[in-house]
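Contents: one structure, followed by commentary.
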Amino acid sequence: MKKEVKGKKDKTQVKKAETRSASYELGEYGLEPPKLYRKDQRLQPSKSEKQNGKKTNPKTIQQQRIEQNKKRKQKKIIRKAVLYAALVIGIIGVIIVLSLTVLFKTQTITIKGNEHYSAKEISAVLPLEKDKNLFLSDTSFAKEKLEESLPYIYNAEIKRKLPSTIIVNITETPKVYAIKNKDKTYTLVDDNFKVLEVNSDKRPNSSVLIKKAALSSAIAGKEAEFTNKKIKENLSELIGAVKTYKVEKITQLYSVDINNNYLVYDGRITIKLGSTDDIENKIYSSLAAIQKLEEQNPQATGELTVGSGKQIYFTEN
């Protein structure tokens with residue numbers, strides 16, 4: 001038994017000697033000896049990889065091929081997506097060009113809601129023409145043109161209706177305000193002080209008279225300019241309150257200064273509001289007081305003073 005062990009050791013020593021000899025001979029030619037691995041032996045991570053915390057994950061040739069195939073498929077999908085996107089953009093471009101050149105030409109212009117002006121008068125001013133492209137029509141400019149050239153048009157709403165119609169919805173001035181001029185004529189304005197008429201001989205029956213106000217400029221279709229800008233601001237607040245709270249039977253209004261503003265109810269009762277602060281409560285309190293007065297005397301006339309808080313005083317004429 002001992003002899004056999006020695007024999008094995010001798011064989012091992014011979015192999016090692018042969019390996020050293022071969023390594024020496026390869027070293028003379030600047031080559032490294034081949035490294036031998038068992039079939040079940042895996043590559044061990046290098047020292048640098050261990051220090052950096054990296055783990056080796058050797059891939060088989062089959063795995064590499066699978067990954068390459070996946071990348072190829074992804075590239076094909078991207079190419080197809082780009083191609084389809086370019087095709088869609090091209091189609092959209094063609095549709096836009098056709099829409100702006102050949103299709104959607106204006107064939108009909110419909111005007112609705114007009115009473116003060118005839119459809120013929122509105123069409124004469126309207127800067128929109130038939131046989132022009134529907135989408136190239138400048139509706140914003142057309143709106144401004146109508147509202148300025150035909151002042152009684154309070155709002156012009158212009159819409160396109162495919163395939164070939166333009167609809168013009170007219171809202172006329174809901175309330176007219178009259179300012180008396182020195183020559184006893186009237187300048188008529190709307191609630192935004194847009195001038196409707198200059199030097200009108202008659203004041204419309206349904207209009208509200210603005211007293212104690214002087215104008216420095218009045219051009220039809222443009223906003224009127226007052227000599228006193230503060231008075232204009234006060235009047236604007238009064239008109240806005242009457243409109244917002246839907247106060248009926250207001251026949252006159254005027255402003256002397258910031259602390260003296262007035263509304264005239266039914267031509268009979270002057271409501272002295274003072275300043276325009278807390279104007280909502282002042283108006284509602286005034287209307288409630290007038291209702292009680294009319295229950296006793298439907299034709300009562302005089303001045304209703306709205307004080308601070310809920311204090312109201314009536315001085316009968």
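Labels for the structure tokens follow display order: chains A, B, ..., residues from 1 in each chain, ligands from 1.
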Distance query Gly221 of chain A at most 8 Å, only C-alpha atoms, self and fewer than 5 positions along chain excluded, as an mmCIF file with N, CA and C atoms, in the first residue's frame:
```cif
data_model
loop_
_atom_site.group_PDB
_atom_site.id
_atom_site.type_symbol
_atom_site.label_atom_id
_atom_site.label_comp_id
_atom_site.auth_asym_id
_atom_site.auth_seq_id
_atom_site.Cartn_x
_atom_site.Cartn_y
_atom_site.Cartn_z
ATOM 1 N N GLU A 147 -69.505 96.160 -34.361
ATOM 2 C CA GLU A 147 -69.856 96.854 -33.119
ATOM 3 C C GLU A 147 -69.467 98.328 -33.152
ATOM 4 N N GLU A 148 -68.449 98.663 -33.945
ATOM 5 C CA GLU A 148 -68.034 100.069 -34.042
ATOM 6 C C GLU A 148 -68.804 100.805 -35.130
ATOM 7 N N SER A 149 -68.980 100.179 -36.263
ATOM 8 C CA SER A 149 -69.643 100.845 -37.394
ATOM 9 C C SER A 149 -71.147 100.956 -37.197
ATOM 10 N N LEU A 150 -71.737 99.978 -36.508
ATOM 11 C CA LEU A 150 -73.169 99.993 -36.220
ATOM 12 C C LEU A 150 -73.327 99.999 -34.697
ATOM 13 N N PRO A 151 -73.280 101.165 -34.054
ATOM 14 C CA PRO A 151 -73.148 101.272 -32.590
ATOM 15 C C PRO A 151 -74.247 100.584 -31.781
ATOM 16 N N LYS A 194 -70.370 103.577 -24.739
ATOM 17 C CA LYS A 194 -70.119 103.613 -26.192
ATOM 18 C C LYS A 194 -71.174 104.537 -26.808
ATOM 19 N N VAL A 195 -70.728 105.470 -27.641
ATOM 20 C CA VAL A 195 -71.640 106.458 -28.220
ATOM 21 C C VAL A 195 -72.494 105.797 -29.300
ATOM 22 N N LEU A 196 -73.815 105.924 -29.129
ATOM 23 C CA LEU A 196 -74.764 105.381 -30.112
ATOM 24 C C LEU A 196 -75.146 106.436 -31.143
#
```
Show me, as a list in words, the residues that have an atom within 9 Å of Ser207 of chain A when counting only C-alpha atoms, minus same-chain residues fewer than 5 positions from it.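 Once the nearby chain positions are removed, what remains is Lys175, Val176, Tyr177, Ala178, Leu188, Thr251 and Gln252 of chain A.
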Could you give me the residues within segment 216-313 of chain A that DSSP places in helix (DSSP H, G or I), as a ChimeraX atom specification? /A:229-244,279-296
For segment 263-277 of chain A, work out the shell of residues within 7 Å, counting only C-alpha atoms and skipping chain neighbours fewer than 3 positions away, then give it as a ChimeraX atom specification. /A:249-254,258-260,282,301-306
Within 12 Å of Ser137 of chain A, counting only C-alpha atoms, which residues show up once you throw out same-chain ones fewer than 4 positions away? Write them as a list of chain:residue names, please.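 In the requested form, the answer reads A:Leu100, A:Phe104, A:Lys105, A:Thr106, A:Ile109, A:Leu126, A:Pro127, A:Leu128, A:Glu129, A:Lys130, A:Asp131, A:Lys132, A:Asn133, A:Phe141, A:Ala142, A:Lys143, A:Ile158, A:Lys159, A:Arg160, A:Ser164, A:Thr165, A:Ile166.
Closest approach to Val242 of chain A among A:Ile89, A:Ile283, A:Ala214, A:Ala220: A:Ile283, based on only C-alpha atoms.
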Among segment 134-280 of chain A, which residues does DSSP mark as strand (DSSP E) when it is run on the backbone? Keep the chain and numbering as in the structure and answer as a compact mmCIF listing (two decimals) with N, CA, C and O atoms, in the first residue's frame.
```
# COMPACT_ATOMS: atom_id res chain seq x y z
N ILE A 153 -75.34 97.79 -32.16
CA ILE A 153 -74.99 96.37 -31.98
C ILE A 153 -74.15 96.29 -30.70
O ILE A 153 -73.00 96.73 -30.67
N TYR A 154 -74.74 95.74 -29.66
CA TYR A 154 -74.08 95.65 -28.36
C TYR A 154 -73.05 94.52 -28.36
O TYR A 154 -71.97 94.65 -27.79
N ASN A 155 -73.39 93.43 -29.03
CA ASN A 155 -72.47 92.29 -29.13
C ASN A 155 -72.76 91.53 -30.42
O ASN A 155 -73.93 91.24 -30.72
N ALA A 156 -71.72 91.23 -31.16
CA ALA A 156 -71.84 90.42 -32.38
C ALA A 156 -71.06 89.13 -32.16
O ALA A 156 -69.84 89.15 -32.01
N GLU A 157 -71.78 88.02 -32.13
CA GLU A 157 -71.14 86.72 -31.96
C GLU A 157 -71.12 86.02 -33.32
O GLU A 157 -72.18 85.76 -33.90
N ILE A 158 -69.93 85.73 -33.80
CA ILE A 158 -69.78 85.16 -35.15
C ILE A 158 -69.23 83.74 -35.03
O ILE A 158 -68.17 83.53 -34.44
N LYS A 159 -69.97 82.78 -35.60
CA LYS A 159 -69.58 81.38 -35.52
C LYS A 159 -69.48 80.77 -36.91
O LYS A 159 -70.17 81.18 -37.85
N ARG A 160 -68.62 79.76 -37.04
CA ARG A 160 -68.51 78.99 -38.27
C ARG A 160 -69.29 77.70 -38.12
O ARG A 160 -69.21 77.04 -37.09
N LYS A 161 -70.02 77.34 -39.13
CA LYS A 161 -70.76 76.07 -39.14
C LYS A 161 -70.38 75.30 -40.40
O LYS A 161 -70.63 75.75 -41.52
N THR A 165 -70.97 77.57 -43.76
CA THR A 165 -71.88 78.62 -43.28
C THR A 165 -71.25 79.45 -42.17
O THR A 165 -70.56 78.91 -41.31
N ILE A 166 -71.48 80.76 -42.19
CA ILE A 166 -71.11 81.66 -41.11
C ILE A 166 -72.40 82.22 -40.52
O ILE A 166 -73.27 82.72 -41.25
N ILE A 167 -72.52 82.12 -39.19
CA ILE A 167 -73.71 82.61 -38.50
C ILE A 167 -73.34 83.83 -37.66
O ILE A 167 -72.41 83.76 -36.85
N VAL A 168 -74.06 84.94 -37.85
CA VAL A 168 -73.82 86.17 -37.10
C VAL A 168 -75.00 86.40 -36.16
O VAL A 168 -76.12 86.71 -36.61
N ASN A 169 -74.78 86.24 -34.86
CA ASN A 169 -75.81 86.46 -33.85
C ASN A 169 -75.66 87.87 -33.27
O ASN A 169 -74.64 88.18 -32.66
N ILE A 170 -76.69 88.68 -33.47
CA ILE A 170 -76.66 90.09 -33.05
C ILE A 170 -77.41 90.27 -31.74
O ILE A 170 -78.55 89.82 -31.59
N THR A 171 -76.75 90.94 -30.77
CA THR A 171 -77.43 91.41 -29.55
C THR A 171 -77.40 92.93 -29.58
O THR A 171 -76.33 93.52 -29.61
N GLU A 172 -78.58 93.54 -29.60
CA GLU A 172 -78.63 94.99 -29.68
C GLU A 172 -78.61 95.62 -28.28
O GLU A 172 -78.85 94.95 -27.28
N TYR A 177 -78.78 105.26 -22.56
CA TYR A 177 -78.61 106.35 -21.60
C TYR A 177 -78.41 107.65 -22.39
O TYR A 177 -77.66 107.66 -23.38
N ALA A 178 -79.08 108.71 -21.96
CA ALA A 178 -79.04 109.99 -22.68
C ALA A 178 -78.36 111.06 -21.85
O ALA A 178 -78.71 111.26 -20.67
N ILE A 179 -77.40 111.75 -22.45
CA ILE A 179 -76.71 112.87 -21.79
C ILE A 179 -77.09 114.15 -22.54
O ILE A 179 -76.89 114.25 -23.76
N LYS A 180 -77.63 115.10 -21.81
CA LYS A 180 -78.09 116.33 -22.44
C LYS A 180 -76.92 117.27 -22.71
O LYS A 180 -76.09 117.55 -21.84
N TYR A 186 -79.12 115.59 -27.48
CA TYR A 186 -78.71 114.49 -26.60
C TYR A 186 -77.63 113.64 -27.26
O TYR A 186 -77.65 113.39 -28.47
N THR A 187 -76.69 113.21 -26.43
CA THR A 187 -75.73 112.18 -26.85
C THR A 187 -76.20 110.87 -26.22
O THR A 187 -76.33 110.79 -24.99
N LEU A 188 -76.46 109.89 -27.04
CA LEU A 188 -76.98 108.60 -26.57
C LEU A 188 -75.83 107.60 -26.45
O LEU A 188 -75.00 107.48 -27.37
N VAL A 189 -75.76 106.93 -25.30
CA VAL A 189 -74.69 105.96 -25.04
C VAL A 189 -75.29 104.67 -24.47
O VAL A 189 -76.44 104.65 -24.02
N VAL A 195 -70.73 105.47 -27.64
CA VAL A 195 -71.64 106.46 -28.22
C VAL A 195 -72.49 105.80 -29.30
O VAL A 195 -71.99 105.22 -30.26
N LEU A 196 -73.82 105.92 -29.13
CA LEU A 196 -74.76 105.38 -30.11
C LEU A 196 -75.15 106.44 -31.14
O LEU A 196 -75.19 106.16 -32.34
N GLU A 197 -75.43 107.63 -30.64
CA GLU A 197 -75.78 108.75 -31.53
C GLU A 197 -75.24 110.04 -30.92
O GLU A 197 -75.16 110.18 -29.70
N VAL A 198 -74.89 110.97 -31.80
CA VAL A 198 -74.40 112.29 -31.37
C VAL A 198 -75.42 113.34 -31.81
O VAL A 198 -75.92 113.30 -32.94
N ASN A 199 -75.72 114.27 -30.91
CA ASN A 199 -76.64 115.39 -31.22
C ASN A 199 -78.01 114.91 -31.70
O ASN A 199 -78.54 115.39 -32.71
N SER A 200 -78.56 113.97 -30.96
CA SER A 200 -79.91 113.50 -31.27
C SER A 200 -80.93 114.52 -30.79
O SER A 200 -80.85 115.00 -29.66
N VAL A 208 -82.58 106.23 -20.05
CA VAL A 208 -82.32 106.77 -18.72
C VAL A 208 -81.50 108.05 -18.90
O VAL A 208 -80.47 108.05 -19.58
N LEU A 209 -81.97 109.12 -18.28
CA LEU A 209 -81.28 110.40 -18.42
C LEU A 209 -80.12 110.49 -17.43
O LEU A 209 -80.29 110.25 -16.23
N ILE A 210 -78.94 110.83 -17.95
CA ILE A 210 -77.77 111.09 -17.09
C ILE A 210 -77.64 112.60 -16.94
O ILE A 210 -77.35 113.31 -17.91
N LYS A 211 -77.90 113.09 -15.74
CA LYS A 211 -77.87 114.53 -15.49
C LYS A 211 -76.50 114.97 -14.96
O LYS A 211 -75.72 114.17 -14.47
N LEU A 215 -69.52 116.11 -21.55
CA LEU A 215 -68.63 115.29 -22.36
C LEU A 215 -67.57 116.16 -23.02
O LEU A 215 -67.84 117.27 -23.47
N SER A 216 -66.36 115.61 -23.11
CA SER A 216 -65.28 116.30 -23.83
C SER A 216 -65.11 115.73 -25.23
O SER A 216 -64.54 116.39 -26.10
N SER A 217 -65.60 114.52 -25.42
CA SER A 217 -65.49 113.89 -26.75
C SER A 217 -66.61 112.88 -26.92
O SER A 217 -66.91 112.11 -26.01
N GLU A 225 -65.90 110.40 -23.77
CA GLU A 225 -64.96 110.93 -22.78
C GLU A 225 -65.64 112.04 -22.00
O GLU A 225 -66.22 112.97 -22.57
N PHE A 226 -65.55 111.96 -20.67
CA PHE A 226 -66.17 112.95 -19.79
C PHE A 226 -65.12 113.99 -19.38
O PHE A 226 -63.93 113.69 -19.28
N ILE A 250 -85.90 102.94 -13.04
CA ILE A 250 -84.93 104.02 -12.83
C ILE A 250 -84.97 104.89 -14.09
O ILE A 250 -84.67 104.42 -15.19
N THR A 251 -85.33 106.15 -13.94
CA THR A 251 -85.49 107.04 -15.09
C THR A 251 -84.35 108.05 -15.23
O THR A 251 -84.11 108.58 -16.32
N GLN A 252 -83.65 108.32 -14.12
CA GLN A 252 -82.53 109.27 -14.14
C GLN A 252 -81.46 108.81 -13.15
O GLN A 252 -81.76 108.10 -12.19
N LEU A 253 -80.24 109.26 -13.40
CA LEU A 253 -79.17 109.07 -12.42
C LEU A 253 -78.11 110.15 -12.63
O LEU A 253 -77.95 110.67 -13.73
N TYR A 254 -77.42 110.49 -11.57
CA TYR A 254 -76.37 111.50 -11.69
C TYR A 254 -75.44 111.43 -10.49
O TYR A 254 -75.75 110.83 -9.46
N SER A 255 -74.28 112.06 -10.65
CA SER A 255 -73.26 112.09 -9.61
C SER A 255 -72.71 113.51 -9.50
O SER A 255 -72.32 114.11 -10.51
N VAL A 256 -72.70 114.02 -8.27
CA VAL A 256 -72.13 115.35 -8.03
C VAL A 256 -70.67 115.23 -7.65
O VAL A 256 -69.81 115.97 -8.13
N ASP A 257 -70.39 114.30 -6.75
CA ASP A 257 -69.01 113.99 -6.35
C ASP A 257 -69.01 112.60 -5.73
O ASP A 257 -70.03 111.90 -5.75
N ASN A 260 -71.84 112.05 -3.18
CA ASN A 260 -73.21 112.46 -3.53
C ASN A 260 -73.60 111.85 -4.88
O ASN A 260 -73.30 112.41 -5.94
N ASN A 261 -74.25 110.68 -4.78
CA ASN A 261 -74.68 109.96 -5.97
C ASN A 261 -76.18 109.66 -5.87
O ASN A 261 -76.68 109.34 -4.78
N TYR A 262 -76.88 109.77 -7.02
CA TYR A 262 -78.33 109.75 -6.98
C TYR A 262 -78.92 108.83 -8.06
O TYR A 262 -78.39 108.73 -9.17
N LEU A 263 -80.04 108.20 -7.71
CA LEU A 263 -80.89 107.49 -8.65
C LEU A 263 -82.29 108.09 -8.53
O LEU A 263 -82.73 108.42 -7.42
N VAL A 264 -83.00 108.20 -9.66
CA VAL A 264 -84.37 108.71 -9.63
C VAL A 264 -85.30 107.57 -10.02
O VAL A 264 -85.18 107.00 -11.12
N TYR A 265 -86.23 107.26 -9.12
CA TYR A 265 -87.15 106.14 -9.32
C TYR A 265 -88.48 106.66 -9.89
O TYR A 265 -89.14 107.51 -9.30
N ILE A 269 -89.30 109.78 -7.18
CA ILE A 269 -88.57 109.67 -5.92
C ILE A 269 -87.06 109.66 -6.20
O ILE A 269 -86.56 108.78 -6.91
N THR A 270 -86.37 110.64 -5.65
CA THR A 270 -84.92 110.72 -5.79
C THR A 270 -84.27 109.96 -4.64
O THR A 270 -84.52 110.27 -3.46
N ILE A 271 -83.44 108.99 -4.97
CA ILE A 271 -82.76 108.18 -3.95
C ILE A 271 -81.35 108.74 -3.78
O ILE A 271 -80.53 108.70 -4.71
N LYS A 272 -81.10 109.29 -2.60
CA LYS A 272 -79.78 109.83 -2.30
C LYS A 272 -78.95 108.74 -1.63
O LYS A 272 -79.17 108.38 -0.49
N LEU A 273 -77.96 108.22 -2.39
CA LEU A 273 -77.17 107.07 -1.93
C LEU A 273 -75.93 107.46 -1.14
O LEU A 273 -75.33 106.63 -0.45
N GLY A 274 -75.52 108.72 -1.25
CA GLY A 274 -74.23 109.10 -0.65
C GLY A 274 -73.11 108.53 -1.51
O GLY A 274 -73.12 108.63 -2.73
```
Students should find that atom CA of Lys145 of chain A and atom CA of Ile122 of chain A are spaced 10.3 Å
